[in-house]
$ cat run34.cif   # mmCIF, C-alpha atoms
data_work
#
loop_
_atom_site.label_atom_id
_atom_site.label_comp_id
_atom_site.auth_asym_id
_atom_site.auth_seq_id
_atom_site.Cartn_x
_atom_site.Cartn_y
_atom_site.Cartn_z
CA MET A 265 69.76 28.73 -43.94
CA ARG A 266 68.65 32.34 -44.14
CA PHE A 267 70.23 35.64 -45.07
CA PRO A 268 71.26 37.73 -42.05
CA ALA A 269 69.53 40.98 -41.16
CA SER A 270 70.97 43.71 -43.33
CA SER A 271 70.57 47.31 -44.37
CA GLN A 272 71.17 48.96 -47.71
CA PRO A 273 72.85 52.33 -48.32
CA ARG A 274 70.54 55.29 -48.63
CA GLY A 275 70.12 57.24 -51.82
CA VAL A 276 70.49 56.66 -55.54
CA THR A 277 73.13 58.26 -57.73
CA ARG A 278 70.73 59.21 -60.49
CA SER A 279 69.20 62.47 -61.61
CA ASN A 280 66.47 63.65 -59.25
CA THR A 281 64.60 64.82 -62.34
CA ILE A 282 64.49 61.25 -63.61
CA LEU A 283 63.63 59.95 -60.13
CA THR A 284 60.68 62.36 -59.98
CA GLN A 285 59.23 60.79 -63.11
CA ASP A 286 59.81 57.32 -61.68
CA PHE A 287 58.00 58.25 -58.47
CA LEU A 288 55.00 59.63 -60.34
CA ASP A 289 54.78 56.55 -62.57
CA LEU A 290 54.90 54.20 -59.56
CA THR A 291 52.31 56.02 -57.46
CA TYR A 292 49.83 57.50 -59.95
CA ALA A 293 49.37 54.57 -62.34
CA LEU A 294 48.47 50.88 -62.22
CA GLU A 295 49.83 48.00 -64.29
CA SER A 296 46.63 48.12 -66.33
CA GLY A 297 47.54 51.63 -67.45
CA GLN A 298 44.76 53.23 -65.38
CA GLN A 299 45.73 56.57 -63.87
CA LEU A 300 44.96 57.30 -60.21
CA PRO A 301 43.39 60.66 -59.36
CA GLY A 302 45.31 61.16 -56.14
CA LEU A 303 48.27 59.96 -54.10
CA LEU A 304 47.65 56.94 -51.85
CA ARG A 305 49.46 56.24 -48.58
CA TYR A 306 48.72 55.58 -44.91
CA GLU A 307 48.24 58.71 -42.81
CA GLY A 308 49.54 57.53 -39.47
CA PRO A 309 51.41 54.59 -37.94
CA VAL A 310 51.25 51.35 -39.89
CA ARG A 311 50.86 48.08 -38.02
CA VAL A 312 51.32 44.67 -39.62
CA SER A 313 49.58 41.46 -38.56
CA MET A 314 50.78 38.01 -39.68
CA PRO A 315 48.75 35.50 -37.62
CA SER A 316 49.00 32.42 -39.90
CA PRO A 317 50.79 29.60 -38.00
CA ALA A 318 52.25 28.37 -41.31
CA LEU A 319 54.09 31.69 -41.67
CA ALA A 320 55.58 31.65 -38.16
CA PRO A 321 59.02 30.54 -39.50
CA TYR A 322 59.12 33.81 -41.48
CA ARG A 323 58.52 36.09 -38.50
CA ARG A 324 62.21 37.02 -38.39
CA ASP A 325 62.17 37.84 -42.12
CA LEU A 326 59.19 40.12 -41.56
CA GLU A 327 60.82 41.87 -38.60
CA ASN A 328 64.01 42.41 -40.61
CA LEU A 329 61.96 43.93 -43.42
CA LEU A 330 60.03 46.23 -41.08
CA ALA A 331 63.30 47.36 -39.48
CA ARG A 332 64.62 48.30 -42.91
CA LEU A 333 61.41 50.22 -43.69
CA ARG A 334 61.81 52.18 -40.46
CA ASN A 335 65.52 52.88 -40.88
CA GLU A 336 65.80 53.33 -44.65
CA ALA A 337 62.36 54.66 -45.64
CA GLY A 338 61.51 56.50 -42.41
CA ILE A 339 58.09 54.83 -42.09
CA ASN A 340 56.47 54.32 -38.68
CA ILE A 341 55.75 50.63 -39.21
CA ARG A 342 55.81 47.71 -36.76
CA SER A 343 54.26 44.30 -36.30
CA THR A 344 51.36 43.65 -33.96
CA ASN A 345 49.78 40.51 -32.52
CA ASN A 346 46.38 42.21 -32.50
CA PRO A 347 44.74 42.10 -35.96
CA GLN A 348 42.28 44.77 -34.84
CA GLN A 349 45.16 47.25 -34.63
CA ALA A 350 46.66 46.32 -38.01
CA GLN A 351 46.47 48.09 -41.35
CA LEU A 352 48.39 45.39 -43.27
CA HIS A 353 47.08 41.85 -42.86
CA ILE A 354 49.41 39.09 -44.10
CA GLU A 355 47.73 35.72 -44.47
CA GLY A 356 49.16 32.42 -45.65
CA VAL A 357 47.16 30.61 -48.33
CA PRO A 358 47.92 27.40 -50.26
CA ALA A 359 49.58 28.21 -53.58
CA ALA A 360 46.83 26.37 -55.48
CA GLU A 361 44.24 28.73 -54.00
CA ILE A 362 46.30 31.75 -55.05
CA GLN A 363 46.58 30.33 -58.57
CA ARG A 364 42.81 29.82 -58.76
CA ALA A 365 42.27 33.44 -57.76
CA PHE A 366 44.98 34.93 -59.99
CA PRO A 367 46.60 32.45 -62.41
CA GLY A 368 50.33 33.06 -62.68
CA ALA A 369 50.59 35.10 -59.47
CA ALA A 370 52.86 33.95 -56.65
CA CYS A 371 51.21 36.35 -54.18
CA PHE A 372 49.04 39.43 -54.31
CA ILE A 373 47.45 42.30 -52.37
CA ILE A 374 43.84 43.45 -52.21
CA PRO A 375 42.86 46.81 -50.70
CA GLY A 376 39.93 46.98 -48.32
CA VAL A 377 40.09 43.40 -46.99
CA THR A 378 41.63 41.91 -43.87
CA SER A 379 41.35 38.15 -44.48
CA TRP A 380 41.17 35.47 -47.16
CA ASN A 381 37.56 34.71 -46.26
CA GLN A 382 36.62 38.34 -46.72
CA PHE A 383 38.42 38.40 -50.07
CA ARG A 384 36.56 35.26 -51.20
CA SER A 385 33.22 36.72 -50.14
CA LYS A 386 34.02 39.94 -52.05
CA ARG A 387 32.91 41.97 -49.03
CA GLY A 388 34.71 45.28 -48.61
CA ARG A 389 36.97 44.87 -51.64
CA LEU A 390 38.19 48.17 -53.04
CA ARG A 391 39.82 49.18 -56.27
CA TRP A 392 42.90 51.34 -55.97
CA SER A 393 41.03 54.10 -57.80
CA ASP A 394 38.15 53.95 -55.27
CA GLN A 395 40.39 55.12 -52.43
CA THR A 396 41.36 58.57 -51.28
CA THR A 397 43.74 57.23 -48.61
CA LEU A 398 44.93 53.76 -47.61
CA THR A 399 43.17 52.11 -44.67
CA GLN A 400 43.30 48.28 -44.80
CA THR A 401 45.09 45.91 -47.16
CA GLY A 402 45.15 42.13 -47.35
CA ILE A 403 48.44 40.52 -48.38
CA PHE A 404 48.18 36.88 -49.43
CA VAL A 405 51.32 34.75 -49.70
CA PRO A 406 51.71 30.99 -50.26
CA THR A 407 52.19 28.69 -47.29
CA ASP A 408 53.58 25.82 -49.34
CA SER A 409 56.15 27.54 -51.54
CA THR A 410 59.89 27.81 -51.03
CA PRO A 411 61.51 29.98 -48.34
CA GLN A 412 62.94 32.23 -51.06
CA ASP A 413 59.53 32.76 -52.69
CA ILE A 414 57.78 33.52 -49.40
CA ARG A 415 60.48 35.97 -48.28
CA ASP A 416 60.42 37.66 -51.71
CA CYS A 417 56.63 37.96 -51.54
CA LEU A 418 56.87 39.68 -48.17
CA HIS A 419 59.25 42.28 -49.60
CA GLU A 420 57.38 43.10 -52.78
CA GLU A 421 53.82 42.92 -51.45
CA VAL A 422 54.46 44.85 -48.22
CA GLY A 423 56.34 47.46 -50.27
CA GLN A 424 53.52 47.84 -52.79
CA ALA A 425 50.81 47.75 -50.11
CA LEU A 426 52.37 50.94 -48.72
CA GLY A 427 51.43 52.84 -51.89
CA PRO A 428 53.56 52.29 -55.04
CA ALA A 429 51.02 50.04 -56.80
CA ASN A 430 52.56 50.05 -60.27
CA ASP A 431 55.26 47.82 -61.77
CA VAL A 432 57.57 49.43 -64.33
CA TYR A 433 59.89 47.33 -66.49
CA ARG A 434 61.94 50.42 -67.32
CA LEU A 435 63.32 50.51 -63.76
CA PRO A 436 66.67 48.69 -63.52
CA ASP A 437 67.06 48.60 -59.73
CA SER A 438 63.65 47.88 -58.25
CA VAL A 439 61.41 45.03 -57.10
CA PHE A 440 58.58 47.12 -58.56
CA ASN A 441 59.51 45.52 -61.89
CA ASP A 442 57.88 42.30 -63.05
CA ASP A 443 61.06 40.82 -64.52
CA ASN A 444 61.64 39.50 -60.95
CA PHE A 445 65.43 39.79 -60.96
CA HIS A 446 65.51 41.71 -57.69
CA ALA A 447 64.44 39.70 -54.64
CA ILE A 448 64.38 42.35 -51.90
CA LEU A 449 63.53 46.03 -51.62
CA THR A 450 66.44 48.01 -53.06
CA PRO A 451 67.87 51.45 -52.17
CA PHE A 452 65.78 52.84 -55.04
CA ASP A 453 62.61 51.30 -53.59
CA MET A 454 63.36 52.64 -50.13
CA LEU A 455 63.96 56.11 -51.57
CA MET A 456 60.60 56.03 -53.37
CA LEU A 457 58.88 55.01 -50.12
CA ARG A 458 60.78 57.68 -48.16
CA VAL A 459 59.54 60.31 -50.61
CA LEU A 460 55.98 58.94 -50.44
CA TYR A 461 55.93 59.21 -46.65
CA SER A 462 57.65 62.58 -46.45
CA PRO A 463 55.74 65.32 -44.59
CA GLU A 464 55.50 67.44 -47.76
CA LEU A 465 53.09 64.93 -49.34
CA ARG A 466 49.62 63.75 -48.31
CA SER A 467 46.92 61.35 -49.43
CA GLY A 468 44.76 62.60 -52.29
CA LEU A 469 47.39 65.00 -53.68
CA PRO A 470 46.83 65.30 -57.45
CA ARG A 471 49.65 64.31 -59.78
CA ALA A 472 50.25 67.84 -61.05
CA ALA A 473 50.70 69.10 -57.49
CA ALA A 474 53.01 66.22 -56.62
CA ALA A 475 55.10 66.94 -59.71
CA ARG A 476 55.86 70.36 -58.26
CA VAL A 477 56.67 69.12 -54.75
CA VAL A 478 58.56 65.85 -55.34
CA PRO A 479 61.69 67.43 -56.94
CA LYS A 480 62.21 69.51 -53.77
CA VAL A 481 61.69 66.44 -51.58
CA LEU A 482 64.20 64.47 -53.61
CA ASN A 483 66.76 67.25 -53.43
CA ARG A 484 66.44 67.07 -49.65
CA LEU A 485 66.40 63.28 -49.31
CA ASN A 486 68.74 62.35 -52.17
CA PRO A 487 71.60 64.86 -52.33
CA SER A 488 73.61 62.58 -54.62
CA GLY A 489 70.99 63.22 -57.32
CA ARG A 490 71.19 66.99 -57.19
CA GLY A 491 72.51 68.58 -60.35
CA VAL A 492 72.97 65.22 -62.10
CA GLY A 493 72.06 65.54 -65.75
CA ALA A 494 68.95 63.67 -66.88
CA GLN A 495 70.22 61.03 -69.30
CA PRO A 496 67.91 60.03 -72.17
CA ARG A 497 66.11 56.73 -71.76
CA ALA A 498 63.62 54.67 -73.69
CA PRO A 499 60.01 54.82 -72.49
CA GLU A 500 57.88 51.91 -71.36
CA SER A 501 56.85 49.56 -74.18
CA ALA A 502 53.52 47.77 -73.86
CA GLU A 503 54.44 45.44 -76.71
CA TRP A 504 57.78 44.47 -75.16
CA LYS A 505 55.94 43.82 -71.90
CA ARG A 506 53.48 41.50 -73.65
CA GLN A 507 56.23 39.57 -75.40
CA ILE A 508 58.56 39.16 -72.41
CA GLU A 509 55.68 38.05 -70.17
CA THR A 510 54.61 35.50 -72.78
CA ALA A 511 58.19 34.22 -72.97
CA MET A 512 58.51 33.99 -69.18
CA THR A 513 55.18 32.23 -68.55
CA ARG A 514 55.78 28.50 -68.19
CA ARG A 515 52.23 27.45 -68.93
CA ASN A 516 52.60 28.78 -72.49
CA SER A 517 53.88 26.43 -75.20
CA ARG A 518 57.65 26.27 -75.62
CA ILE A 519 57.43 27.29 -79.27
CA GLY A 520 55.23 30.25 -78.38
CA ARG A 521 57.62 31.28 -75.62
CA MET A 522 60.64 31.11 -77.95
CA GLN A 523 58.85 33.16 -80.60
CA ALA A 524 57.89 35.75 -78.01
CA ALA A 525 61.48 35.89 -76.76
CA ASP A 526 62.68 36.51 -80.32
CA ARG A 527 60.22 39.39 -80.64
CA ALA A 528 61.22 40.79 -77.23
CA VAL A 529 64.88 40.81 -78.33
CA ARG A 530 64.00 42.66 -81.54
CA ILE A 531 61.84 45.26 -79.76
CA ALA A 532 64.42 45.91 -77.03
CA GLY A 533 67.20 46.09 -79.62
CA ALA A 534 65.32 48.89 -81.40
CA MET A 535 64.91 50.98 -78.24
CA ARG A 536 66.93 54.16 -78.10
CA PRO A 537 68.90 54.17 -76.00
CA VAL A 538 69.22 50.43 -75.52
CA ASP A 539 68.92 49.48 -71.84
CA HIS A 540 68.70 46.49 -69.48
CA ARG A 541 65.50 45.28 -71.16
CA LEU A 542 67.60 43.95 -74.03
CA GLY A 543 69.74 42.06 -71.51
CA VAL A 544 66.62 40.59 -69.90
CA ALA A 545 65.29 39.50 -73.30
CA LEU A 546 68.62 37.93 -74.27
CA ILE A 547 68.86 35.99 -70.99
CA THR A 548 65.27 34.81 -71.39
CA ARG A 549 65.84 33.64 -74.96
CA GLY A 550 69.11 31.98 -74.01
CA ARG A 551 67.39 30.01 -71.22
CA LEU A 552 64.69 28.83 -73.62
CA THR A 553 67.14 27.79 -76.36
CA PHE A 554 69.97 26.44 -74.19
CA ARG A 555 69.41 22.87 -75.40
CA SER A 556 67.79 23.34 -78.81
CA ARG A 557 70.07 26.15 -80.08
CA PRO A 558 73.14 26.03 -77.80
CA GLN A 559 75.36 28.16 -80.03
CA GLN A 560 72.75 30.92 -80.24
CA ALA A 561 72.18 30.69 -76.48
CA ALA A 562 75.91 31.10 -75.86
CA VAL A 563 75.93 34.25 -78.00
CA ASP A 564 72.86 35.59 -76.20
CA PHE A 565 74.38 35.07 -72.75
CA ALA A 566 77.67 36.66 -73.80
CA ASN A 567 75.90 39.66 -75.35
CA ALA A 568 73.68 40.03 -72.28
CA TYR A 569 76.69 39.96 -69.97
CA GLN A 570 78.56 42.57 -72.03
CA LEU A 571 75.51 44.85 -72.28
CA LEU A 572 74.53 44.61 -68.61
CA SER A 573 78.11 45.03 -67.41
CA SER A 574 78.47 48.23 -69.40
CA ARG A 575 75.02 49.64 -68.54
CA LEU A 576 74.52 48.51 -64.93
CA GLY A 577 77.97 47.40 -63.80
CA PRO A 578 79.45 44.01 -62.87
CA GLY A 579 77.76 44.10 -59.45
CA ASP A 580 74.20 44.22 -60.80
CA ILE A 581 71.95 41.22 -60.18
CA ARG A 582 71.10 40.86 -63.89
CA THR A 583 74.78 40.92 -64.82
CA SER A 584 75.32 38.14 -62.29
CA GLN A 585 72.49 36.11 -63.83
CA ALA A 586 74.18 36.37 -67.21
CA ALA A 587 77.48 35.46 -65.52
CA LEU A 588 75.95 32.25 -64.16
CA HIS A 589 75.04 31.10 -67.65
CA LEU A 590 78.42 32.11 -69.03
CA SER A 591 80.16 30.12 -66.30
CA ILE A 592 78.03 27.06 -67.10
CA LEU A 593 79.11 27.36 -70.72
CA GLY A 594 82.71 27.46 -69.50
CA LEU A 595 82.10 24.14 -67.73
CA LYS A 596 80.70 22.68 -70.94
CA ARG A 597 83.89 23.64 -72.78
CA GLY A 598 86.06 22.26 -69.99
CA ASP A 599 87.43 25.76 -69.32
CA PHE A 600 87.37 25.35 -65.53
CA ASP A 601 89.53 28.38 -64.77
CA GLN A 602 87.24 30.73 -66.68
CA ALA A 603 84.08 29.20 -65.20
CA LEU A 604 85.49 29.52 -61.69
CA SER A 605 86.56 33.14 -62.20
CA ILE A 606 83.24 34.28 -63.67
CA ALA A 607 81.14 32.54 -61.02
CA ARG A 608 83.34 33.76 -58.17
CA ASN A 609 83.16 37.38 -59.36
CA ALA A 610 79.35 37.21 -59.53
CA GLU A 611 78.89 35.72 -56.07
CA ALA A 612 78.94 39.03 -54.17
CA ALA A 613 75.99 40.43 -56.12
CA ALA A 614 73.93 37.32 -55.37
CA LYS A 615 74.65 37.66 -51.65
CA ARG A 616 73.99 41.40 -51.63
CA GLY A 617 70.71 40.87 -53.47
CA GLU A 618 69.83 37.95 -51.15
CA ASN A 619 69.07 35.74 -54.14
CA ALA A 620 69.55 32.15 -53.00
CA VAL A 621 68.58 30.68 -56.38
CA LEU A 622 71.41 32.56 -58.08
CA LEU A 623 73.82 32.03 -55.19
CA SER A 624 73.30 28.26 -55.07
CA GLY A 625 73.87 28.06 -58.83
CA LEU A 626 77.07 30.09 -58.71
CA LEU A 627 78.41 27.96 -55.84
CA ALA A 628 77.49 24.79 -57.73
CA VAL A 629 79.43 25.97 -60.78
CA GLN A 630 82.43 26.78 -58.60
CA ALA A 631 82.25 23.31 -57.04
CA GLN A 632 82.16 21.65 -60.46
CA ALA A 633 85.04 23.81 -61.71
CA LEU A 634 87.16 23.09 -58.64
CA SER A 635 86.48 19.39 -59.11
CA GLY A 636 87.59 19.64 -62.74
CA LEU A 637 90.79 21.32 -61.56
CA GLY A 638 91.47 18.52 -59.10
CA GLU A 639 90.70 20.64 -56.01
CA ASN A 640 88.44 17.98 -54.55
CA VAL A 641 88.45 19.09 -50.89
CA LYS A 642 87.52 22.66 -51.81
CA ALA A 643 85.00 21.36 -54.32
CA ARG A 644 83.23 19.25 -51.70
CA ALA A 645 82.96 22.19 -49.26
CA MET A 646 81.62 24.41 -52.05
CA ARG A 647 79.08 21.77 -53.07
CA ILE A 648 77.80 21.53 -49.49
CA ASP A 649 77.35 25.33 -49.37
CA SER A 650 75.54 25.18 -52.70
CA LEU A 651 73.11 22.56 -51.43
CA LYS A 652 72.44 24.52 -48.23
CA TRP A 653 71.38 27.54 -50.24
CA ALA A 654 69.52 25.33 -52.71
CA ARG A 655 67.31 24.16 -49.86
CA TYR A 656 66.44 27.79 -49.09
CA ALA A 657 65.97 28.57 -52.78
CA PHE A 658 64.03 25.50 -53.87
CA GLY A 659 62.77 24.03 -50.60
CA ASP A 660 62.07 20.33 -50.68
CA ILE A 661 58.75 20.48 -52.47
CA ASN A 662 57.93 17.79 -55.03
CA GLY A 663 61.57 16.79 -55.35
CA ALA A 664 62.87 20.28 -56.13
CA ILE A 665 66.26 19.58 -54.52
CA GLN A 666 66.54 16.32 -56.43
CA ARG A 667 65.81 18.09 -59.70
CA GLU A 668 68.44 20.71 -58.91
CA GLN A 669 70.94 17.96 -58.15
CA ALA A 670 70.11 16.27 -61.45
CA GLU A 671 70.69 19.56 -63.26
CA LEU A 672 74.11 19.88 -61.61
CA GLU A 673 74.96 16.32 -62.61
CA LEU A 674 73.91 17.15 -66.16
CA ILE A 675 76.31 20.10 -66.16
CA GLY A 676 79.05 17.78 -64.99
CA SER A 677 78.23 15.16 -67.60
CA ILE A 678 78.55 17.70 -70.40
CA VAL A 679 82.19 18.42 -69.52
CA PRO A 680 84.56 16.66 -71.99
CA PRO A 681 85.66 13.39 -70.33
CA ALA A 682 89.33 13.98 -71.01
CA SER A 683 89.18 17.18 -68.99
CA LYS A 684 87.49 15.75 -65.92
CA ARG A 685 89.86 15.14 -63.05
CA GLY A 686 87.49 14.12 -60.26
CA SER A 687 83.96 14.58 -59.03
CA VAL A 688 82.26 15.39 -55.78
CA GLN A 689 79.53 13.06 -54.50
#

$ encode --input "run34.cif" --output "structure tokens"
Amino acid sequence: MRFPASSQPRGVTRSNTILTQDFLDLTYALESGQQLPGLLRYEGPVRVSMPSPALAPYRRDLENLLARLRNEAGINIRSTNNPQQAQLHIEGVPAAEIQRAFPGAACFIIPGVTSWNQFRSKRGRLRWSDQTTLTQTGIFVPTDSTPQDIRDCLHEEVGQALGPANDVYRLPDSVFNDDNFHAILTPFDMLMLRVLYSPELRSGLPRAAAARVVPKVLNRLNPSGRGVGAQPRAPESAEWKRQIETAMTRRNSRIGRMQAADRAVRIAGAMRPVDHRLGVALITRGRLTFRSRPQQAAVDFANAYQLLSSRLGPGDIRTSQAALHLSILGLKRGDFDQALSIARNAEAAAKRGENAVLLSGLLAVQAQALSGLGENVKARAMRIDSLKWARYAFGDINGAIQREQAELELIGSIVPPASKRGSVQ
């Protein structure tokens, strides 16, 4: 299974004034908070090498991504079989090696290197702030992770290797956001890259100069943002970032994660105006307390769904994540019609966002609901589709598919016995 080649619509219906600030934050700052003295991009054609035999099955994913970058971001970028001609060097590395280098990272980029051996030797490594223009970048992705993870790494790391080195939690519609809800480069991301590689900009341009030029570039490239009023929004919060990352990190203790999630909910709830970060915190806390505090988790999921629907719309990927949990709760209550309706309505966003983890879960819920309604033939077909996407989402590493199946069986076992009218094997 794989998602077909696709393209996203161009442009973002948001104030170009706001988008200017987003662009400057993505390209002139790092996650550490360090400010860059000048703009960084490639000045000329970009060629991408991916020689690792273990990554050969993902060649089509890479070509689809590069086609989108050409068509949607206007970047002269193509693959090459000659590493000597490449500026971006994608190398497959065992996940354990990546974890030893950067604990908690699924994949990463290092400027100034062209191979894993060079990275390990520390020869030629550069800091982002050492550069005046981009020349060579090593992109290291796991060879033994799931298809979904590897494809997602290609999108985020190739995108960031082209220049936008920062991650900003404030952004609702971007992979340049460490909450990891978006799996592929979005129309917002492509617009930021299109601005970065516009002829009006150049490597080394100071931030103050870019701040004068970028609004004009956006007015040309993003006409839907012209004249749109700049709505107020809450700034970045370093403390919310610390708490949500603590809550999301599995190697932390469960109690510590739950406490951090509680704090993240409080901080996001105090933001003015409240935005998607509260929804993210509520979903995170609900996931952590689903078994220990099921009633609170149900309230969190419902509140997250209501908030995200009103702020981002029913078609947003975060809204669909909240919908998945709401539909599972419907199964627990034996309300099969509601569970089916919620999951079915969220399915389109999962497909559009190419999120197989979410899609397989939504299909599994629909299968369980159809089974509960006595629609066994439809339920079986839906379950097969769910398992196909589960293989893409979870692979078959260390029994991941078996664990997913066990989770689905657990969902089914929670349904009140009197309401069950069949099951799918």

$ closest_residue --input "run34.cif" --among "A:Thr410, A:Thr450, A:Thr284, A:Gln602" --to "Glu336 of chain A" --atoms "only C-alpha atoms"
A:Thr450

$ resolve_selection --input "run34.cif" --expression "the PyMOL selection byres ((chain A and resi 394) around 12)" --output "number ranges by chain"
A: 299-304, 375-376, 388-393, 395-399, 468

$ closest_residue --input "run34.cif" --among "A:Pro463, A:Gly520, A:Pro451, A:Gly427" --to "Gly275 of chain A" --atoms "all atoms listed in the file"
A:Pro451

$ residues_around --input "run34.cif" --residues "segment 344-361 of chain A" --least-positions-apart "5" --cutoff "8 Å" --atoms "all atoms listed in the file" --output "JSON, numbers by chain"
{"A": [310, 311, 312, 313, 314, 315, 316, 318, 319, 370, 378, 379, 380, 399, 400, 401, 402, 403, 404, 405, 406, 407, 408, 409, 422, 425]}

$ resolve_selection --input "run34.cif" --expression "the PyMOL selection byres ((chain A and resi 428) around 6)" --output "list in words"
Leu290, Thr291, Gln424, Gly427, Ala429 and Asn430 of chain A

$ atom_distance --input "run34.cif" --atom1 "atom CA of Leu546 of chain A" --atom2 "atom CA of Gly659 of chain A"
28.1 Å

$ closest_residue --input "run34.cif" --among "A:Ala532, A:Ala502, A:Ile282, A:Leu593" --to "Arg555 of chain A" --atoms "all atoms listed in the file"
A:Leu593

$ axis_aligned_box --input "run34.cif" --around "segment 644-651 of chain A" --padding-each-side "4 Å" --output "AutoDock Vina command-line options"
--center_x 78.2 --center_y 22.3 --center_z -51.2 --size_x 18.1 --size_y 14.1 --size_z 11.8

$ residues_around --input "run34.cif" --residues "Asn328 of chain A" --least-positions-apart "3" --cutoff "8 Å" --atoms "only C-alpha atoms" --output "list of chain:residue names"
A:Ala269, A:Ser270, A:Arg324, A:Asp325, A:Ala331, A:Arg332

$ write_last_selection --input "run34.cif" --atoms "C-alpha atoms" --output "PDB file, in the coordinates of the input"
ATOM      1  CA  ALA A 269      69.530  40.980 -41.160  1.00  0.00           C
ATOM      2  CA  SER A 270      70.970  43.710 -43.330  1.00  0.00           C
ATOM      3  CA  ARG A 324      62.210  37.020 -38.390  1.00  0.00           C
ATOM      4  CA  ASP A 325      62.170  37.840 -42.120  1.00  0.00           C
ATOM      5  CA  ALA A 331      63.300  47.360 -39.480  1.00  0.00           C
ATOM      6  CA  ARG A 332      64.620  48.300 -42.910  1.00  0.00           C
TER       7      ARG A 332
END

$ atom_distance --input "run34.cif" --atom1 "atom CA of Ala587 of chain A" --atom2 "atom CA of Ile414 of chain A"
25.5 Å

$ residues_around --input "run34.cif" --residues "Pro411 of chain A" --least-positions-apart "4" --cutoff "12 Å" --atoms "all atoms listed in the file" --output "PyMOL selection string"
chain A and resi 265-267+318-323+325+405-407+415-418+447+618-621+653-661

$ atom_distance --input "run34.cif" --atom1 "atom CA of Gln382 of chain A" --atom2 "atom CA of Gly368 of chain A"
21.7 Å

$ residues_near_point --input "run34.cif" --point "(70.8, 60.0, -74.6)" --cutoff "10 Å" --atoms "all atoms listed in the file" --output "list in words"
Ala494, Gln495, Pro496, Arg497, Ala498, Arg536, Pro537 and Val538 of chain A

$ residues_around --input "run34.cif" --residues "Ala337 of chain A" --least-positions-apart "4" --cutoff "7 Å" --atoms "only C-alpha atoms" --output "MDAnalysis selection string"
chainID A and resid 333 454:455 457:458

$ closest_residue --input "run34.cif" --among "A:Val492, A:Leu651, A:Leu329, A:Val377" --to "Glu420 of chain A" --atoms "all atoms listed in the file"
A:Leu329

$ resolve_selection --input "run34.cif" --expression "the PyMOL selection byres ((chain A and resi 442) around 7)" --output "VMD selection string"
chain A and resid 431 433 440 to 441 443 to 444

$ closest_residue --input "run34.cif" --among "A:Asn335, A:Gln523, A:Asn567, A:Ser385" --to "Thr553 of chain A" --atoms "all atoms listed in the file"
A:Gln523

$ residues_around --input "run34.cif" --residues "Leu449 of chain A" --least-positions-apart "6" --cutoff "7 Å" --atoms "only C-alpha atoms" --output "list in words"
His419, Glu420, Ser438 and Val439 of chain A
